[in-house]
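The data block below is structure.txt; it holds compact mmCIF, C-alpha atoms.
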```
# COMPACT_ATOMS: atom_id res chain seq x y z
CA MET A 60 100.95 60.21 101.56
CA ALA A 61 103.26 59.57 98.64
CA GLY A 62 104.74 61.89 96.07
CA PHE A 63 107.52 62.64 93.60
CA ILE A 64 110.19 65.29 93.15
CA HIS A 65 108.96 67.40 90.24
CA GLU A 66 111.92 69.77 89.82
CA PHE A 67 115.49 68.96 90.79
CA PHE A 68 118.13 71.70 91.04
CA GLY A 69 116.00 73.91 88.81
CA TYR A 70 115.15 71.47 86.04
CA PRO A 71 112.28 69.02 85.49
CA ALA A 72 113.05 65.67 87.10
CA GLU A 73 112.92 64.04 83.65
CA ASN A 74 115.68 66.33 82.37
CA THR A 75 118.83 64.50 81.22
CA SER A 76 120.51 67.39 79.40
CA CYS A 77 124.11 68.40 80.06
CA VAL A 78 123.08 71.69 81.64
CA GLY A 79 120.67 69.89 83.98
CA LYS A 80 123.35 67.41 85.00
CA LEU A 81 125.80 70.26 85.56
CA ALA A 82 123.37 71.98 87.96
CA VAL A 83 123.12 68.75 89.94
CA ALA A 84 126.90 68.22 89.93
CA GLN A 85 127.47 71.76 91.18
CA ARG A 86 124.53 71.58 93.61
CA SER A 87 123.58 75.00 92.26
CA CYS A 88 120.37 77.01 91.98
CA PRO A 89 119.96 78.29 88.39
CA PHE A 90 117.51 80.95 89.58
CA LEU A 91 119.79 82.71 92.05
CA LYS A 92 123.05 81.62 90.37
CA SER A 93 124.34 80.35 93.70
CA ALA A 94 124.48 77.21 95.82
CA CYS A 95 121.16 75.56 96.65
CA VAL A 96 119.98 76.66 100.10
CA LYS A 97 117.31 73.97 100.57
CA ARG A 98 119.08 71.37 102.68
CA PHE A 99 118.64 68.10 104.51
CA HIS A 100 119.24 67.85 108.25
CA ASP A 101 122.84 66.79 107.59
CA GLY A 102 123.49 69.99 105.63
CA LYS A 103 123.55 68.46 102.14
CA PRO A 104 121.80 70.51 99.41
CA ALA A 105 118.45 68.90 98.58
CA GLY A 106 117.85 70.65 95.26
CA VAL A 107 114.08 70.13 95.46
CA CYS A 108 112.22 73.05 93.88
CA ALA A 109 108.78 71.46 93.51
CA VAL A 110 107.00 68.24 94.39
CA ARG A 111 103.80 66.58 93.28
CA GLN A 112 101.56 64.01 94.88
CA LYS A 113 101.21 60.54 93.41
CA SER A 114 97.66 61.15 92.20
CA GLN A 115 97.66 61.92 88.47
CA SER A 116 95.26 64.81 89.04
CA SER A 117 97.57 66.53 91.56
CA PRO A 118 99.47 69.49 90.09
CA PRO A 119 103.12 70.12 90.99
CA VAL A 120 103.55 72.57 93.86
CA ILE A 121 106.59 74.80 94.29
CA CYS A 122 108.15 74.19 97.72
CA CYS A 123 111.23 76.46 97.56
CA PRO A 124 110.69 80.26 97.64
CA ASN A 125 113.82 80.81 95.57
CA ARG A 126 112.07 79.07 92.67
CA LEU A 127 109.77 82.10 92.47
CA TYR A 128 112.77 84.42 92.04
CA ALA A 129 113.52 83.18 88.52
CA ASN A 130 114.54 85.61 85.76
CA ASN A 131 116.46 87.90 88.08
CA TYR A 132 113.66 88.37 90.62
CA LYS A 133 111.06 89.15 88.00
CA ILE A 134 108.27 89.03 90.57
CA LEU A 135 109.71 92.14 92.27
CA TYR A 136 109.75 94.02 88.95
CA ASP A 137 106.16 92.92 88.29
CA ILE A 138 105.03 94.17 91.68
CA ALA A 139 106.95 97.45 91.49
CA GLU A 140 105.35 98.28 88.14
CA ASP A 141 101.89 97.39 89.45
CA ALA A 142 102.27 99.23 92.75
CA PHE A 143 103.90 102.38 91.42
CA ASP A 144 102.22 102.58 87.98
CA ARG A 145 105.52 103.00 86.15
CA LYS A 146 108.61 101.06 85.10
CA LEU A 147 111.67 101.81 87.17
CA ASN A 148 114.95 100.03 87.78
CA LEU A 149 115.40 98.20 91.06
CA TYR A 150 118.48 98.57 93.26
CA ALA A 151 119.59 97.21 96.59
CA GLY A 152 118.69 99.42 99.55
CA ARG A 153 120.72 102.59 99.97
CA SER A 154 122.42 102.31 96.57
CA ALA A 155 119.06 103.28 95.01
CA VAL A 156 119.35 106.88 96.25
CA GLU A 157 122.11 107.95 93.83
CA LYS A 158 120.58 105.83 91.06
CA ALA A 159 117.28 107.65 91.49
CA LYS A 160 119.01 111.00 91.11
CA ALA A 161 120.74 109.85 87.94
CA GLU A 162 117.69 108.13 86.42
CA LYS A 163 114.92 110.48 87.57
CA GLY A 164 113.57 107.82 89.88
CA ALA A 165 114.31 104.27 91.04
CA VAL A 166 113.11 101.56 93.40
CA ALA A 167 114.98 100.58 96.56
CA VAL A 168 114.65 96.92 97.50
CA PHE A 169 115.05 95.57 101.02
CA GLY A 170 115.20 91.81 101.42
CA GLN A 171 117.50 88.83 101.43
CA GLY A 172 120.38 89.32 99.01
CA TRP A 173 119.37 92.91 98.25
CA GLY A 174 119.26 95.80 100.70
CA GLY A 175 119.37 93.79 103.88
CA GLU A 176 116.83 93.67 106.66
CA LEU A 177 115.03 96.80 107.81
CA ARG A 178 115.41 97.68 111.49
CA LEU A 179 111.82 97.43 112.63
CA PRO A 180 110.54 97.50 116.22
CA LYS A 181 109.73 94.18 117.80
CA ARG A 182 106.32 93.22 119.11
CA LYS A 183 106.57 91.67 122.57
CA GLY A 184 110.00 90.26 121.79
CA THR A 185 109.11 88.78 118.39
CA GLY A 186 109.73 89.91 114.83
CA SER A 187 106.05 89.93 113.87
CA TYR A 188 106.32 93.06 111.73
CA PHE A 189 108.81 91.62 109.28
CA VAL A 190 107.82 90.91 105.69
CA ASP A 191 109.90 89.16 103.04
CA TRP A 192 110.39 92.24 100.90
CA VAL A 193 109.89 95.99 101.06
CA ILE A 194 110.15 97.89 97.79
CA ALA A 195 110.22 101.68 97.92
CA ARG A 196 109.85 104.22 95.11
CA LEU A 197 112.34 107.08 95.21
CA GLY A 198 111.81 110.33 93.33
CA ALA A 199 114.16 112.27 91.07
CA SER A 200 115.92 113.81 94.07
CA GLY A 201 116.31 110.47 95.81
CA GLU A 202 113.45 111.20 98.22
CA LEU A 203 111.19 108.45 99.53
CA CYS A 204 107.79 108.76 97.81
CA GLU A 205 105.92 105.56 98.62
CA PHE A 206 106.46 101.89 99.33
CA THR A 207 104.78 98.50 99.40
CA ALA A 208 105.50 95.17 101.06
CA VAL A 209 105.65 91.64 99.68
CA GLU A 210 105.09 88.27 101.35
CA VAL A 211 106.22 85.16 99.47
CA GLN A 212 104.89 81.73 100.42
CA THR A 213 105.38 78.34 98.81
CA ILE A 214 104.39 75.08 100.53
CA ASP A 215 106.04 73.20 103.39
CA THR A 216 106.43 69.47 102.92
CA THR A 217 105.81 66.56 105.25
CA GLY A 218 107.35 63.09 105.19
CA SER A 219 110.56 62.56 103.25
CA TYR A 220 111.92 62.82 99.70
CA LYS A 221 115.35 61.38 100.56
CA SER A 222 114.89 58.16 98.57
CA ALA A 223 113.53 60.09 95.58
CA TYR A 224 116.53 62.44 95.85
CA GLU A 225 119.03 59.57 95.90
CA ALA A 226 117.42 57.91 92.86
CA LEU A 227 117.63 61.15 90.87
CA LEU A 228 121.20 61.71 92.02
CA GLU A 229 122.32 58.21 91.10
CA ASN A 230 120.83 57.64 87.65
CA ARG A 231 118.08 60.23 87.17
CA GLY A 232 115.57 57.65 88.30
CA ILE A 233 112.13 58.88 89.28
CA VAL A 234 110.68 57.06 92.28
CA SER A 235 107.99 58.00 94.77
CA ASP A 236 108.63 58.71 98.42
CA THR A 237 106.62 59.66 101.51
CA VAL A 238 106.69 63.38 100.75
CA GLY A 239 103.40 65.17 101.34
CA LEU A 240 102.12 68.75 101.40
CA ASN A 241 101.48 70.62 104.64
CA TRP A 242 98.19 72.32 103.75
CA GLU A 243 97.43 72.91 107.43
CA ASN A 244 99.84 75.84 107.36
CA VAL A 245 97.54 77.64 104.93
CA SER A 246 94.95 78.33 107.61
CA LYS A 247 97.17 77.98 110.66
CA ARG A 248 100.00 80.32 109.71
CA ILE A 249 99.68 82.09 106.36
CA ILE A 250 96.25 83.72 106.67
CA PRO A 251 96.73 85.11 110.22
CA GLN A 252 100.05 86.61 109.10
CA LEU A 253 98.41 88.32 106.13
CA ILE A 254 95.74 89.78 108.41
CA TYR A 255 98.20 91.07 110.99
CA LYS A 256 100.76 92.50 108.58
CA GLY A 257 98.04 93.99 106.39
CA GLN A 258 96.67 95.89 109.38
CA VAL A 259 100.14 97.14 110.32
CA LEU A 260 100.77 98.40 106.79
CA GLN A 261 97.42 100.16 106.63
CA ARG A 262 98.71 102.55 109.30
CA GLU A 263 101.70 103.58 107.16
CA ASP A 264 101.26 106.96 105.48
CA LEU A 265 103.42 106.03 102.48
CA CYS A 266 102.11 102.49 101.94
CA ARG A 267 99.27 103.41 99.60
CA LYS A 268 98.54 100.04 98.03
CA GLY A 269 98.88 97.64 100.91
CA LEU A 270 100.48 94.20 100.87
CA TYR A 271 101.27 91.85 97.96
CA PHE A 272 101.04 88.12 98.57
CA VAL A 273 102.91 85.92 96.08
CA CYS A 274 102.41 82.16 96.02
CA PRO A 275 102.07 79.20 93.63
CA SER A 276 98.61 78.65 92.13
CA PRO A 277 97.78 75.57 94.28
CA VAL A 278 98.53 77.57 97.46
CA TYR A 279 96.38 80.44 96.18
CA ASN A 280 93.52 78.04 95.49
CA ARG A 281 93.80 76.49 98.96
CA VAL A 282 93.81 79.93 100.64
CA LEU A 283 90.67 80.89 98.72
CA LEU A 284 89.03 77.60 99.68
CA ARG A 285 89.75 78.24 103.37
CA LEU A 286 88.27 81.73 103.04
CA GLY A 287 85.07 80.50 101.43
CA GLY A 288 85.91 81.11 97.78
CA ILE A 289 86.59 84.18 95.70
CA ASP A 290 82.95 85.28 95.91
CA ASN A 291 83.47 85.68 99.64
CA LEU A 292 86.28 88.19 99.02
CA PRO A 293 84.89 91.16 97.06
CA ASP A 294 87.29 92.90 94.71
CA PHE A 295 88.40 96.36 95.84
CA PRO A 296 90.52 99.03 94.15
CA PRO A 297 94.05 99.51 95.52
CA GLN A 298 94.16 101.17 98.94
CA PRO A 299 96.32 101.06 102.10
CA ALA A 300 94.26 98.12 103.44
CA SER A 301 94.65 96.08 100.24
CA ILE A 302 95.86 92.50 100.02
CA HIS A 303 96.89 91.69 96.44
CA PHE A 304 97.05 87.97 95.64
CA LEU A 305 99.45 87.05 92.81
CA ALA A 306 99.38 83.37 91.86
CA TYR A 307 102.45 82.31 89.87
CA ASP A 308 102.90 78.97 88.19
CA TYR A 309 104.29 77.11 85.20
CA VAL A 310 103.19 78.32 81.78
CA LEU A 311 104.59 75.51 79.62
CA ASP A 312 103.55 71.89 79.40
CA LYS A 313 105.59 69.57 81.62
CA GLY A 314 106.75 67.79 78.46
CA CYS A 315 109.23 70.65 77.94
CA ILE A 316 112.09 69.28 80.04
CA GLU A 317 115.27 70.73 78.52
CA MET A 318 115.12 74.03 80.41
CA PRO A 319 113.84 75.51 83.68
CA LEU A 320 110.14 76.04 83.10
CA PRO A 321 109.14 79.73 83.01
CA LEU A 322 106.65 81.13 85.49
CA ALA A 323 103.94 83.73 85.02
CA ILE A 324 101.05 85.27 86.91
CA LEU A 325 98.15 82.91 86.26
CA GLU A 326 95.66 84.58 88.59
CA ARG A 327 95.41 87.80 90.56
CA HIS A 328 92.85 89.19 92.96
CA SER A 329 92.76 92.28 95.19
CA THR A 330 90.63 92.56 98.29
CA THR A 331 91.10 94.12 101.73
CA VAL A 332 92.58 92.83 104.95
CA TYR A 333 89.20 93.31 106.64
CA LYS A 334 87.37 91.11 104.15
CA ILE A 335 90.00 88.41 104.71
CA GLN A 336 89.65 88.75 108.47
CA GLU A 337 85.87 88.53 108.21
CA ALA A 338 86.04 85.45 105.98
CA PHE A 339 88.64 83.75 108.16
CA SER A 340 86.60 84.18 111.34
CA SER A 341 83.33 83.09 109.74
CA LEU A 342 83.06 79.41 110.56
CA GLU A 343 80.77 77.10 108.64
CA LEU A 344 79.23 75.14 111.49
CA PRO A 345 77.52 71.75 111.12
CA SER A 346 73.89 71.24 112.07
CA GLY A 347 73.03 70.85 115.74
CA ASN A 348 73.50 67.63 117.75
CA VAL A 349 76.15 66.05 115.53
CA TYR A 350 77.96 64.72 118.62
CA ARG A 351 74.75 63.30 120.10
CA ASP A 352 73.84 61.59 116.83
CA ALA A 353 77.32 60.09 116.51
CA ILE A 354 77.16 58.74 120.07
CA MET A 355 73.70 57.28 119.49
CA LYS A 356 74.84 55.62 116.28
CA SER A 357 77.87 54.14 118.00
CA LEU A 358 75.88 52.87 120.97
CA TYR A 359 72.73 51.50 119.41
CA GLU A 360 73.17 50.78 115.69
```
Would you mind writing the file's structure down as structure tokens?
Amino acid sequence: MAGFIHEFFGYPAENTSCVGKLAVAQRSCPFLKSACVKRFHDGKPAGVCAVRQKSQSSPPVICCPNRLYANNYKILYDIAEDAFDRKLNLYAGRSAVEKAKAEKGAVAVFGQGWGGELRLPKRKGTGSYFVDWVIARLGASGELCEFTAVEVQTIDTTGSYKSAYEALLENRGIVSDTVGLNWENVSKRIIPQLIYKGQVLQREDLCRKGLYFVCPSPVYNRVLLRLGGIDNLPDFPPQPASIHFLAYDYVLDKGCIEMPLPLAILERHSTTVYKIQEAFSSLELPSGNVYRDAIMKSLYE
């Protein structure tokens, strides 16, 4: 496989503006306003937000989850409004209680950089219950009314983008490298996690709309492909067993290079954890005797 770095420290790889160069010089993430956390094995910040394969028809794919937290974690505000049917301000963990009393309601956020990690029981010594985010609606008296959970998934990469990184760092040169996309994780890791966590959340009295799954559009498309297509996942109204897919991606042409490209929800679909489980376990088998025919062909043709 071969591919390119598509976004570098928050800006399109083609960007040569002063603000883009400053982000590189500071090794900073413009989305979290902090140091880049995506690092090489030696600890150096990599600054790679998205990559694309060498094929002209291959879209860029976001590979850093922090890229999806642009515009002050807008995805969490989008989900809170959708899940709770109202616009409320979001606050980190326990600080939301007093804010809810003052504002006649608020949303408490638990997740990295916000309200910290919830103390959940462990399953056979592992943290299988954990989700990336829990957002909880508090009422006018600060009481817990309902909550939902959010899983965020980008794409893992294979190979290397070290040479592409060094070319961008040196003179903003754009060269290909061996970087590829680890699509195997879509069926191997992501879907089983959605099934398990969706079933756990269905048993929660206050989780009335299930689990939200946020990912880039290419990841969404690959998940649907593995599950047999959208027609194989009937749409259902929100319920405790719901899995809500939210596919975010770029909304401006890649020719706009002087700013971080904005993201928006390009596709959404709601089904249930049981329909996903059914689709995942339904294997499309080949016709009979494929091994025999292959052996015969190898031996006698």
Write out as a PDB file with C-alpha atoms, in the frame of the given file the residues lying within 10 Å of Pro275 of chain A, counting all atoms listed in the file and excluding same-chain residues fewer than 3 positions away.
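What landed in selection.pdb:
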```
ATOM      1  CA  PRO A 119     103.120  70.120  90.990  1.00  0.00           C
ATOM      2  CA  VAL A 120     103.550  72.570  93.860  1.00  0.00           C
ATOM      3  CA  ILE A 121     106.590  74.800  94.290  1.00  0.00           C
ATOM      4  CA  CYS A 122     108.150  74.190  97.720  1.00  0.00           C
ATOM      5  CA  PRO A 124     110.690  80.260  97.640  1.00  0.00           C
ATOM      6  CA  LEU A 127     109.770  82.100  92.470  1.00  0.00           C
ATOM      7  CA  VAL A 211     106.220  85.160  99.470  1.00  0.00           C
ATOM      8  CA  GLN A 212     104.890  81.730 100.420  1.00  0.00           C
ATOM      9  CA  THR A 213     105.380  78.340  98.810  1.00  0.00           C
ATOM     10  CA  ILE A 214     104.390  75.080 100.530  1.00  0.00           C
ATOM     11  CA  VAL A 278      98.530  77.570  97.460  1.00  0.00           C
ATOM     12  CA  TYR A 279      96.380  80.440  96.180  1.00  0.00           C
ATOM     13  CA  ASN A 280      93.520  78.040  95.490  1.00  0.00           C
ATOM     14  CA  LEU A 305      99.450  87.050  92.810  1.00  0.00           C
ATOM     15  CA  ALA A 306      99.380  83.370  91.860  1.00  0.00           C
ATOM     16  CA  TYR A 307     102.450  82.310  89.870  1.00  0.00           C
ATOM     17  CA  ASP A 308     102.900  78.970  88.190  1.00  0.00           C
ATOM     18  CA  TYR A 309     104.290  77.110  85.200  1.00  0.00           C
ATOM     19  CA  LEU A 322     106.650  81.130  85.490  1.00  0.00           C
ATOM     20  CA  ALA A 323     103.940  83.730  85.020  1.00  0.00           C
ATOM     21  CA  ILE A 324     101.050  85.270  86.910  1.00  0.00           C
ATOM     22  CA  LEU A 325      98.150  82.910  86.260  1.00  0.00           C
ATOM     23  CA  GLU A 326      95.660  84.580  88.590  1.00  0.00           C
TER      24      GLU A 326
END
```
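Using only C-alpha atoms for every distance, the candidate list A:Asp264, A:Asp141, A:Asn348, A:Ile134 yields A:Ile134 as the residue closest to Glu210 of chain A.
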Residue neighbourhood segment 147-149 of chain A, 12 Å, only C-alpha atoms, exclusion window fewer than 2 positions, as a PDB file with C-alpha atoms, in the coordinates of the input:
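Now in selection_5.pdb:
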```pdb
ATOM      1  CA  ASN A 131     116.460  87.900  88.080  1.00  0.00           C
ATOM      2  CA  TYR A 132     113.660  88.370  90.620  1.00  0.00           C
ATOM      3  CA  LYS A 133     111.060  89.150  88.000  1.00  0.00           C
ATOM      4  CA  ILE A 134     108.270  89.030  90.570  1.00  0.00           C
ATOM      5  CA  LEU A 135     109.710  92.140  92.270  1.00  0.00           C
ATOM      6  CA  TYR A 136     109.750  94.020  88.950  1.00  0.00           C
ATOM      7  CA  ASP A 137     106.160  92.920  88.290  1.00  0.00           C
ATOM      8  CA  ILE A 138     105.030  94.170  91.680  1.00  0.00           C
ATOM      9  CA  ALA A 139     106.950  97.450  91.490  1.00  0.00           C
ATOM     10  CA  GLU A 140     105.350  98.280  88.140  1.00  0.00           C
ATOM     11  CA  ASP A 141     101.890  97.390  89.450  1.00  0.00           C
ATOM     12  CA  ALA A 142     102.270  99.230  92.750  1.00  0.00           C
ATOM     13  CA  PHE A 143     103.900 102.380  91.420  1.00  0.00           C
ATOM     14  CA  ASP A 144     102.220 102.580  87.980  1.00  0.00           C
ATOM     15  CA  ARG A 145     105.520 103.000  86.150  1.00  0.00           C
ATOM     16  CA  ALA A 151     119.590  97.210  96.590  1.00  0.00           C
ATOM     17  CA  GLY A 152     118.690  99.420  99.550  1.00  0.00           C
ATOM     18  CA  ARG A 153     120.720 102.590  99.970  1.00  0.00           C
ATOM     19  CA  SER A 154     122.420 102.310  96.570  1.00  0.00           C
ATOM     20  CA  ALA A 155     119.060 103.280  95.010  1.00  0.00           C
ATOM     21  CA  VAL A 156     119.350 106.880  96.250  1.00  0.00           C
ATOM     22  CA  LYS A 158     120.580 105.830  91.060  1.00  0.00           C
ATOM     23  CA  ALA A 159     117.280 107.650  91.490  1.00  0.00           C
ATOM     24  CA  ALA A 161     120.740 109.850  87.940  1.00  0.00           C
ATOM     25  CA  GLU A 162     117.690 108.130  86.420  1.00  0.00           C
ATOM     26  CA  LYS A 163     114.920 110.480  87.570  1.00  0.00           C
ATOM     27  CA  GLY A 164     113.570 107.820  89.880  1.00  0.00           C
ATOM     28  CA  ALA A 165     114.310 104.270  91.040  1.00  0.00           C
ATOM     29  CA  VAL A 166     113.110 101.560  93.400  1.00  0.00           C
ATOM     30  CA  ALA A 167     114.980 100.580  96.560  1.00  0.00           C
ATOM     31  CA  VAL A 168     114.650  96.920  97.500  1.00  0.00           C
ATOM     32  CA  PHE A 169     115.050  95.570 101.020  1.00  0.00           C
ATOM     33  CA  TRP A 173     119.370  92.910  98.250  1.00  0.00           C
ATOM     34  CA  GLY A 174     119.260  95.800 100.700  1.00  0.00           C
ATOM     35  CA  VAL A 193     109.890  95.990 101.060  1.00  0.00           C
ATOM     36  CA  ILE A 194     110.150  97.890  97.790  1.00  0.00           C
ATOM     37  CA  ALA A 195     110.220 101.680  97.920  1.00  0.00           C
ATOM     38  CA  ARG A 196     109.850 104.220  95.110  1.00  0.00           C
ATOM     39  CA  LEU A 197     112.340 107.080  95.210  1.00  0.00           C
ATOM     40  CA  GLY A 198     111.810 110.330  93.330  1.00  0.00           C
ATOM     41  CA  ALA A 199     114.160 112.270  91.070  1.00  0.00           C
TER      42      ALA A 199
END
```
| Among the residues A:Asp215, A:Glu205, A:Asp352, A:Asp236, the one that comes closest to Cys108 of chain A [using only C-alpha atoms] | A:Asp215
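The gap separating atom CA of Lys92 of chain A from atom CA of Glu225 of chain A is 23.1 Å, in Å to one decimal.
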| If we count only C-alpha atoms, what is near Trp192 of chain A at a cut-off of 6 Å, once residues fewer than 2 positions away on the same chain are taken out, given as a list in words? |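 Final neighbour list, sorted by chain and number: Phe169, Gly170, Val190, Ala208 and Val209 of chain A.
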Just the selected residues (C-alpha atoms), exported as a PDB file, in the frame of the given file, please.
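Result went into out.pdb, see below:
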```
ATOM      1  CA  PHE A 169     115.050  95.570 101.020  1.00  0.00           C
ATOM      2  CA  GLY A 170     115.200  91.810 101.420  1.00  0.00           C
ATOM      3  CA  VAL A 190     107.820  90.910 105.690  1.00  0.00           C
ATOM      4  CA  ALA A 208     105.500  95.170 101.060  1.00  0.00           C
ATOM      5  CA  VAL A 209     105.650  91.640  99.680  1.00  0.00           C
TER       6      VAL A 209
END
```
Let me have the centre and edge lengths of the axis-aligned box enclosing all listed atoms of segment 68-80 of chain A with 8 Å padding on every side, in Å to one decimal, as AutoDock Vina command-line options.
```
--center_x 118.2 --center_y 69.0 --center_z 85.2 --size_x 27.8 --size_y 25.9 --size_z 27.6
```
Considering all atoms listed in the file, tabulate each residue of segment 263-310 of chain A that lies at most 8 Å from segment 327-345 of chain A along with its nearest interatomic pair and the corresponding distance in Å to one decimal; arrange the rows by chain and ascending residue number and present them as a tab-separated table.
```
residue	atom	partner	partner_atom	distance
A:Arg285	CA	A:Phe339	CA	7.4
A:Leu286	CA	A:Ala338	CA	5.2
A:Gly287	CA	A:Ala338	CA	6.8
A:Asn291	CA	A:Ala338	CA	6.8
A:Leu292	CA	A:Lys334	CA	6.0
A:Pro293	CA	A:Thr330	CA	6.0
A:Asp294	CA	A:Thr330	CA	4.9
A:Phe295	CA	A:Thr330	CA	5.0
A:Pro296	CA	A:Ser329	CA	7.2
A:Pro297	CA	A:Ser329	CA	7.4
A:Ala300	CA	A:Thr331	CA	5.4
A:Ser301	CA	A:Thr331	CA	4.3
A:Ile302	CA	A:Thr331	CA	5.3
A:His303	CA	A:Ser329	CA	4.4
A:Phe304	CA	A:His328	CA	5.1
A:Leu305	CA	A:Arg327	CA	4.7
A:Ala306	CA	A:Arg327	CA	6.1
```
File dump, residues just selected, C-alpha atoms, as a CSV table (one decimal), in the frame of the given file:
```
chain,number,residue,atom,x,y,z
A,285,ARG,CA,89.8,78.2,103.4
A,286,LEU,CA,88.3,81.7,103.0
A,287,GLY,CA,85.1,80.5,101.4
A,291,ASN,CA,83.5,85.7,99.6
A,292,LEU,CA,86.3,88.2,99.0
A,293,PRO,CA,84.9,91.2,97.1
A,294,ASP,CA,87.3,92.9,94.7
A,295,PHE,CA,88.4,96.4,95.8
A,296,PRO,CA,90.5,99.0,94.2
A,297,PRO,CA,94.0,99.5,95.5
A,300,ALA,CA,94.3,98.1,103.4
A,301,SER,CA,94.6,96.1,100.2
A,302,ILE,CA,95.9,92.5,100.0
A,303,HIS,CA,96.9,91.7,96.4
A,304,PHE,CA,97.0,88.0,95.6
A,305,LEU,CA,99.4,87.0,92.8
A,306,ALA,CA,99.4,83.4,91.9
```
| field | From A:Ser357, A:Asn244, A:Thr216, A:Gln171, residue lying nearest Ala109 of chain A [all atoms listed in the file] | value | A:Thr216
| request: Select, from A:Ala82, A:Cys123, A:Leu311, A:Cys204, the residue with the minimum atom-to-atom distance to Val96 of chain A, counting only C-alpha atoms. | output: A:Cys123
| message | Rounded to one decimal, what separation in Å do you get between atom CA of Leu240 of chain A and atom CA of Thr217 of chain A? | response |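 So the answer is 5.8 Å.
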| request: Show which residues sit within 10 Å of Gln252 of chain A, as a PyMOL selection string. Count only C-alpha atoms, and ignore same-chain residues fewer than 4 positions away. | output: chain A and resi 187-188+190+210+246-248+256-258
| remark: One decimal place gives the atom CA of Asn125 of chain A-atom CA of Tyr70 of chain A separation as 13.4 Å
| query | Which is closer to Ser276 of chain A than all the others in A:Ile250, A:Asn241, A:Gly288, A:Pro118, using all atoms listed in the file? | reply |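 Checking each candidate against Ser276 of chain A, we get A:Pro118 as the closest.
Counting all atoms listed in the file and comparing A:Gly69, A:Lys146, A:Lys80, A:Lys113, the residue that lies closest to Leu228 of chain A is A:Lys80.
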| said: Env of Arg231 of chain A: 9 Å cut, atoms = all atoms listed in the file, seq-sep filter 2 positions within chain, self excluded. Answer as a PyMOL selection string. | reply: chain A and resi 72-75+225-229+233
